[in-house]
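**Q** Encoded as structure tokens, here's the structure I'll be asking about.
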Amino acid sequence: MKRLWGATASYTAGGTLLRTQWESGLAPVPAYLIDLSGIAELHGIHDEADGNWRIGPMTTLTSCRSHLGLQTAHPLLTEAVRNIAAPSVRNLATLGGNIVSAVGDALPALLACNSVLQWRTEQGITDQALTEWLEAEQLQSAWKERLLVGIQLPRQTSISQTKRILAYHKVGRREAFTPSVVTVAINGQLGDDGIWRDIRIAAGGGQTRPRRLEHTEALLMENPSNSPSLAVVYQSLLAEFKPKGDSFASADYRRRTAANLIVSELWKAAKRLTEER
Ligand SMILES: Cc1cc2nc3c(=O)[nH]c(=O)nc-3n(C[C@H](O)[C@H](O)[C@H](O)COP(=O)(O)OP(=O)(O)OC[C@H]3O[C@@H](n4cnc5c(N)ncnc54)[C@H](O)[C@@H]3O)c2cc1C
């Protein structure tokens with residue numbers, strides 16, 4: 001269908017974002033809507049034999065949030081979903097739609113979980129790291145033709161003598177039911193010696209396409225996590241995160257907010273470690 005109608009057709013999942021775009025005049029109503037709800041393979045949350053999780057893109061945000069197994073295995077994702085919109089929207093809105101929007105608030109959490117996207121293309125099913133898809137220059141033209149058929153969250157492996165640190169924050173213009181100004185997610189393993197053995201940090205918010213902050217991750221894994229190095233980490237975050245500003249919040253405000261949130265989580269992790277010693 002999509003091949004036949006090309007750019008005049010749009011895949012429709014929950015329709016919550018598409019409708020907002022049409023109503024605000026951001027995008028024209030396409031001539032054809034391809035409803036994905038009838039494709040059974042695109043629904044559901046699966047705990048696979050190898051320990052990976054596979055989520056169908058048509059899974060609603062409500063289903064993601066309330067799935068007990070997913071809450072235990074990937075609490076960052078369920079926490080991110082909890083912060084999106086309100087229950088009435090989450091009952092319709094899907095994880096796939098949130099991802100393909102390229103600015104959804106679930107994305108930083110999915111990046112921090114090292115997620116992989118599965119696309120149906122003319123050649124068959126193709127796997128692509130979420131981080132790679134978000135960084136692709138041609139994102140805007142390429143993604144519209146492809147169908148997202150799965151989201152894979154790899155099994156979390158634990159390194160011995162480390163503690164896993166997870167954090168997700170969304171800052172909006174009010175406490176709840178608000179578009180994001182900044183979103184950050186951290187998924188790391190802090191060694192008993194205070195050194196990060198493995199850490200993934202992602203940030204986004206507003207119309208900023210979320211991304212991993214890999215230079216800062218590398219910096220953290222080289223240096224003991226103590227107060228002086230956090231000052232350096234803070235500067236690294238300010239240099240690396242490049243959000244878009246708008247009339248509600250400047251790029252500089254967003255950059256500083258993200259850096260504050262991330263550094264405060266790193267500081268709390270280091271403090272907990274010191275207290276436990
Ligand atoms: C009142 C309100 C509040 C909101 N608050 C938030 C918020 O706090 N945070 C947030 O992130 N979002 C928010 N949104 C935006 C939206 O609800 C979410 O991003 C939602 O997850 C989108 O999912 P959907 O199923 O409705 O997507 P749709 O609107 O159906 O589709 C979105 C885009 O994805 C494409 N698409 C969908 N599925 C596929 C697929 N399988 N393969 C290829 N392309 C696909 C569609 O063609 C379209 O371009 C809000 C929306 C509303 C109306």
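In the structure tokens, chains take letters A, B, ... by order of appearance, with residues numbered from 1 within each chain and ligands from 1 in the order shown.
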Give me the residues near Ser63 in chain A as a PyMOL selection string, where near means some atom within 9 Å (using only C-alpha atoms) and where sequence neighbours in that chain fewer than 2 positions away do not count.
**A** chain A and resi 44-45+59-61+65-67+90-91
**Q** Please produce an output containing N, CA and C atoms for each residue in the selection, written as an mmCIF file, in the first residue's frame.
**A**
```cif
data_model
loop_
_atom_site.group_PDB
_atom_site.id
_atom_site.type_symbol
_atom_site.label_atom_id
_atom_site.label_comp_id
_atom_site.auth_asym_id
_atom_site.auth_seq_id
_atom_site.Cartn_x
_atom_site.Cartn_y
_atom_site.Cartn_z
ATOM 1 N N GLY A 44 2.044 -6.367 21.214
ATOM 2 C CA GLY A 44 2.497 -7.270 22.271
ATOM 3 C C GLY A 44 3.905 -7.026 22.791
ATOM 4 N N ILE A 45 4.113 -7.556 24.009
ATOM 5 C CA ILE A 45 5.398 -7.423 24.708
ATOM 6 C C ILE A 45 5.894 -8.841 24.982
ATOM 7 N N THR A 59 2.068 -1.535 20.425
ATOM 8 C CA THR A 59 1.768 -1.653 21.858
ATOM 9 C C THR A 59 1.494 -0.265 22.428
ATOM 10 N N THR A 60 0.393 -0.134 23.131
ATOM 11 C CA THR A 60 0.068 1.205 23.658
ATOM 12 C C THR A 60 1.001 1.553 24.826
ATOM 13 N N LEU A 61 1.099 2.844 25.069
ATOM 14 C CA LEU A 61 1.935 3.300 26.190
ATOM 15 C C LEU A 61 1.361 2.779 27.509
ATOM 16 N N ARG A 65 3.420 0.596 30.233
ATOM 17 C CA ARG A 65 3.548 1.070 31.615
ATOM 18 C C ARG A 65 3.094 0.006 32.620
ATOM 19 N N SER A 66 2.056 -0.749 32.272
ATOM 20 C CA SER A 66 1.471 -1.654 33.269
ATOM 21 C C SER A 66 2.030 -3.076 33.196
ATOM 22 N N HIS A 67 2.959 -3.343 32.299
ATOM 23 C CA HIS A 67 3.486 -4.702 32.161
ATOM 24 C C HIS A 67 4.514 -4.977 33.280
ATOM 25 N N ARG A 90 -2.471 7.972 26.564
ATOM 26 C CA ARG A 90 -1.633 6.762 26.611
ATOM 27 C C ARG A 90 -2.407 5.502 26.228
ATOM 28 N N ASN A 91 -3.739 5.530 26.406
ATOM 29 C CA ASN A 91 -4.546 4.363 26.013
ATOM 30 C C ASN A 91 -4.566 4.179 24.504
#
```
**Q** Applying 10 Å and only C-alpha atoms, which residues near range 68-71 of chain A remain after dropping the ones on its own chain fewer than 2 positions away? List them as a ChimeraX atom specification.
**A** /A:45-47,53,55,63-66,73-79,153
**Q** Counting only C-alpha atoms, which of A:Leu117, A:Ala112, A:Val182, A:Ile165 gets nearest to Gln152 in chain A?
**A**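 Among the listed residues, the smallest separation from Gln152 in chain A belongs to A:Leu117.
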**Q** Point out the residue among A:His169, A:Arg82, A:Arg146, A:Arg155 with the least atom-to-atom distance to ligand 1, counting only C-alpha atoms and all ligand atoms.
**A** A:Arg146
**Q** Apply DSSP to the structure's backbone, then extract all residues of range 96-264 of chain A labelled strand (DSSP E or B) and return them as a PyMOL selection string.
**A** chain A and resi 116-121+124-129+147-153+162-172+180-191+195-205+208-212+224
**Q** Go through the chains and note each residue within 7 Å of ligand 1, using only C-alpha atoms and all ligand atoms, then give the set as a VMD selection string.
**A** chain A and resid 10 to 20 57 to 58 61 83 to 86 89 to 90 92 to 98 100 to 101 103 to 106 144 146 to 149 177 to 180
**Q** Got a sec: who's within 8 Å of Thr208 in chain A, counting only C-alpha atoms, leaving out chain neighbours fewer than 3 positions off, as a PDB file with N, CA and C atoms, in the first residue's frame?
**A**
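The resulting file, around.pdb, is reproduced below:
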```pdb
ATOM      1  N   VAL A 103      11.114  12.546  18.336  1.00  0.00           N
ATOM      2  CA  VAL A 103      11.317  13.437  19.489  1.00  0.00           C
ATOM      3  C   VAL A 103      10.535  12.958  20.717  1.00  0.00           C
ATOM      4  N   GLY A 204      17.308  14.618  25.594  1.00  0.00           N
ATOM      5  CA  GLY A 204      16.471  15.165  24.518  1.00  0.00           C
ATOM      6  C   GLY A 204      15.524  16.188  25.130  1.00  0.00           C
ATOM      7  N   GLY A 205      14.317  16.247  24.578  1.00  0.00           N
ATOM      8  CA  GLY A 205      13.314  17.182  25.108  1.00  0.00           C
ATOM      9  C   GLY A 205      12.899  18.205  24.076  1.00  0.00           C
ATOM     10  N   PRO A 243      20.791  21.146  22.468  1.00  0.00           N
ATOM     11  CA  PRO A 243      19.335  21.157  22.278  1.00  0.00           C
ATOM     12  C   PRO A 243      18.871  22.327  21.413  1.00  0.00           C
ATOM     13  N   LYS A 244      17.633  22.215  20.929  1.00  0.00           N
ATOM     14  CA  LYS A 244      17.034  23.333  20.186  1.00  0.00           C
ATOM     15  C   LYS A 244      16.265  24.216  21.165  1.00  0.00           C
TER      16      LYS A 244
END
```
**Q** When DSSP is applied to the backbone of this structure, which of range 18-234 of chain A are assigned helix (DSSP H, G or I)? Write them out as JSON, numbers by chain.
**A** {"A": [18, 19, 20, 21, 22, 23, 40, 41, 42, 61, 62, 63, 64, 65, 66, 68, 69, 70, 71, 72, 73, 75, 76, 77, 78, 79, 80, 81, 82, 87, 88, 89, 90, 95, 96, 97, 98, 99, 100, 107, 108, 109, 110, 111, 112, 130, 131, 132, 133, 134, 135, 139, 140, 141, 142, 143, 144, 145, 214, 215, 216, 217, 218, 219, 220, 221, 222, 227, 228, 229, 230, 231, 232, 233, 234]}
**Q** List the spatial neighbours of Ala218 in chain A as a list in words - criterion: any atom at most 12 Å away, only C-alpha atoms, same-chain residues fewer than 4 positions off excluded.
**A** Gly188, Ile195, Trp196, Arg197, Asp198, Ile199, Arg200, Ile201, Arg212, Leu213, Glu214, Glu222, Asn223, Pro224, Val233, Ser236 and Leu237 of chain A
**Q** Could you list, as an NGL selection string, every residue within 12 Å of Ser264 in chain A, counting only C-alpha atoms and ignoring same-chain residues fewer than 3 positions away?
**A** :A and (167 or 169 or 184 or 186 or 226-227 or 230-231 or 233-234 or 256-261 or 267-271)
**Q** Grab the residues selected above and save them as a PDB file, in the first residue's frame with N, CA, C and O atoms.
**A**
```
ATOM      1  N   ALA A 167      18.294   6.188  36.042  1.00  0.00           N
ATOM      2  CA  ALA A 167      17.563   7.431  36.344  1.00  0.00           C
ATOM      3  C   ALA A 167      16.909   7.945  35.065  1.00  0.00           C
ATOM      4  O   ALA A 167      17.499   7.862  33.983  1.00  0.00           O
ATOM      5  N   HIS A 169      14.530  11.462  33.969  1.00  0.00           N
ATOM      6  CA  HIS A 169      13.869  12.708  34.391  1.00  0.00           C
ATOM      7  C   HIS A 169      13.274  13.399  33.180  1.00  0.00           C
ATOM      8  O   HIS A 169      13.911  13.483  32.122  1.00  0.00           O
ATOM      9  N   VAL A 184      16.142  13.321  30.330  1.00  0.00           N
ATOM     10  CA  VAL A 184      17.446  12.652  30.419  1.00  0.00           C
ATOM     11  C   VAL A 184      17.252  11.234  30.952  1.00  0.00           C
ATOM     12  O   VAL A 184      16.321  10.972  31.719  1.00  0.00           O
ATOM     13  N   ILE A 186      19.730   7.782  32.338  1.00  0.00           N
ATOM     14  CA  ILE A 186      21.063   7.247  32.664  1.00  0.00           C
ATOM     15  C   ILE A 186      20.919   5.762  32.987  1.00  0.00           C
ATOM     16  O   ILE A 186      20.011   5.368  33.717  1.00  0.00           O
ATOM     17  N   ASN A 226      34.238  11.177  41.529  1.00  0.00           N
ATOM     18  CA  ASN A 226      34.272  11.969  42.759  1.00  0.00           C
ATOM     19  C   ASN A 226      33.983  13.428  42.410  1.00  0.00           C
ATOM     20  O   ASN A 226      33.871  13.788  41.241  1.00  0.00           O
ATOM     21  N   SER A 227      33.857  14.255  43.428  1.00  0.00           N
ATOM     22  CA  SER A 227      33.381  15.620  43.204  1.00  0.00           C
ATOM     23  C   SER A 227      34.197  16.416  42.183  1.00  0.00           C
ATOM     24  O   SER A 227      33.620  16.983  41.270  1.00  0.00           O
ATOM     25  N   LEU A 230      33.360  15.596  38.725  1.00  0.00           N
ATOM     26  CA  LEU A 230      31.997  15.966  38.316  1.00  0.00           C
ATOM     27  C   LEU A 230      31.956  17.381  37.733  1.00  0.00           C
ATOM     28  O   LEU A 230      31.143  17.670  36.860  1.00  0.00           O
ATOM     29  N   ALA A 231      32.831  18.239  38.211  1.00  0.00           N
ATOM     30  CA  ALA A 231      32.896  19.588  37.626  1.00  0.00           C
ATOM     31  C   ALA A 231      33.318  19.500  36.161  1.00  0.00           C
ATOM     32  O   ALA A 231      32.803  20.215  35.292  1.00  0.00           O
ATOM     33  N   VAL A 233      32.888  16.827  34.291  1.00  0.00           N
ATOM     34  CA  VAL A 233      31.772  16.163  33.605  1.00  0.00           C
ATOM     35  C   VAL A 233      30.703  17.194  33.248  1.00  0.00           C
ATOM     36  O   VAL A 233      30.141  17.174  32.145  1.00  0.00           O
ATOM     37  N   TYR A 234      30.435  18.092  34.157  1.00  0.00           N
ATOM     38  CA  TYR A 234      29.426  19.129  33.914  1.00  0.00           C
ATOM     39  C   TYR A 234      29.795  19.952  32.671  1.00  0.00           C
ATOM     40  O   TYR A 234      28.961  20.194  31.795  1.00  0.00           O
ATOM     41  N   ARG A 256      21.721  23.558  30.315  1.00  0.00           N
ATOM     42  CA  ARG A 256      22.100  23.616  31.731  1.00  0.00           C
ATOM     43  C   ARG A 256      21.196  22.718  32.572  1.00  0.00           C
ATOM     44  O   ARG A 256      21.648  22.067  33.519  1.00  0.00           O
ATOM     45  N   THR A 257      19.927  22.676  32.232  1.00  0.00           N
ATOM     46  CA  THR A 257      19.004  21.815  32.993  1.00  0.00           C
ATOM     47  C   THR A 257      19.418  20.349  32.844  1.00  0.00           C
ATOM     48  O   THR A 257      19.474  19.606  33.831  1.00  0.00           O
ATOM     49  N   ALA A 258      19.721  19.940  31.615  1.00  0.00           N
ATOM     50  CA  ALA A 258      20.132  18.544  31.393  1.00  0.00           C
ATOM     51  C   ALA A 258      21.419  18.247  32.171  1.00  0.00           C
ATOM     52  O   ALA A 258      21.530  17.218  32.844  1.00  0.00           O
ATOM     53  N   ALA A 259      22.382  19.162  32.099  1.00  0.00           N
ATOM     54  CA  ALA A 259      23.658  18.939  32.787  1.00  0.00           C
ATOM     55  C   ALA A 259      23.447  18.864  34.300  1.00  0.00           C
ATOM     56  O   ALA A 259      24.025  18.000  34.975  1.00  0.00           O
ATOM     57  N   ASN A 260      22.590  19.733  34.825  1.00  0.00           N
ATOM     58  CA  ASN A 260      22.310  19.708  36.274  1.00  0.00           C
ATOM     59  C   ASN A 260      21.695  18.371  36.687  1.00  0.00           C
ATOM     60  O   ASN A 260      22.065  17.779  37.702  1.00  0.00           O
ATOM     61  N   LEU A 261      20.708  17.913  35.889  1.00  0.00           N
ATOM     62  CA  LEU A 261      20.022  16.663  36.236  1.00  0.00           C
ATOM     63  C   LEU A 261      20.992  15.480  36.223  1.00  0.00           C
ATOM     64  O   LEU A 261      20.999  14.648  37.129  1.00  0.00           O
ATOM     65  N   TRP A 267      26.302  12.405  41.201  1.00  0.00           N
ATOM     66  CA  TRP A 267      26.728  12.755  42.558  1.00  0.00           C
ATOM     67  C   TRP A 267      26.004  11.872  43.581  1.00  0.00           C
ATOM     68  O   TRP A 267      26.608  11.340  44.509  1.00  0.00           O
ATOM     69  N   LYS A 268      24.677  11.692  43.386  1.00  0.00           N
ATOM     70  CA  LYS A 268      23.905  10.856  44.334  1.00  0.00           C
ATOM     71  C   LYS A 268      24.438   9.421  44.329  1.00  0.00           C
ATOM     72  O   LYS A 268      24.537   8.787  45.373  1.00  0.00           O
ATOM     73  N   ALA A 269      24.773   8.927  43.143  1.00  0.00           N
ATOM     74  CA  ALA A 269      25.288   7.555  43.050  1.00  0.00           C
ATOM     75  C   ALA A 269      26.609   7.429  43.798  1.00  0.00           C
ATOM     76  O   ALA A 269      26.826   6.474  44.551  1.00  0.00           O
ATOM     77  N   ALA A 270      27.491   8.419  43.601  1.00  0.00           N
ATOM     78  CA  ALA A 270      28.794   8.382  44.275  1.00  0.00           C
ATOM     79  C   ALA A 270      28.619   8.498  45.800  1.00  0.00           C
ATOM     80  O   ALA A 270      29.301   7.824  46.575  1.00  0.00           O
ATOM     81  N   LYS A 271      27.647   9.308  46.218  1.00  0.00           N
ATOM     82  CA  LYS A 271      27.401   9.514  47.659  1.00  0.00           C
ATOM     83  C   LYS A 271      26.889   8.215  48.300  1.00  0.00           C
ATOM     84  O   LYS A 271      27.346   7.814  49.359  1.00  0.00           O
TER      85      LYS A 271
END
```
**Q** Just to confirm, what's the straight-line distance from CA of Ala239 in chain A to CA of Val81 in chain A in Å (one decimal)?
**A**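 Computed distance, CA of Ala239 in chain A to CA of Val81 in chain A, equals 28.3 Å.
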**Q** Mind giving me the straight-line distance from CA of Asn187 in chain A to CA of Cys113 in chain A in Å, one decimal?
**A**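 Computed distance, CA of Asn187 in chain A to CA of Cys113 in chain A, equals 7.0 Å.
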**Q** Please determine, counting only C-alpha atoms, which residue among A:Leu33, A:Leu26, A:Ala203, A:Ala102 has the shortest atom-to-atom distance to Ala9 in chain A.
**A**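 Among the listed residues, the smallest separation from Ala9 in chain A belongs to A:Leu33.
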**Q** When you draw a straight line from CA of Asn52 in chain A to CA of Thr126 in chain A, how long is it in Å?
**A**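 A separation of 17.0 Å between them.
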**Q** For Glu122 in chain A, which residue out of A:Pro210, A:Leu42, A:Leu110, A:Glu145 is the nearest one, using only C-alpha atoms?
**A**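 Looking only at the distances to Glu122 in chain A, the closest residue turns out to be A:Glu145.
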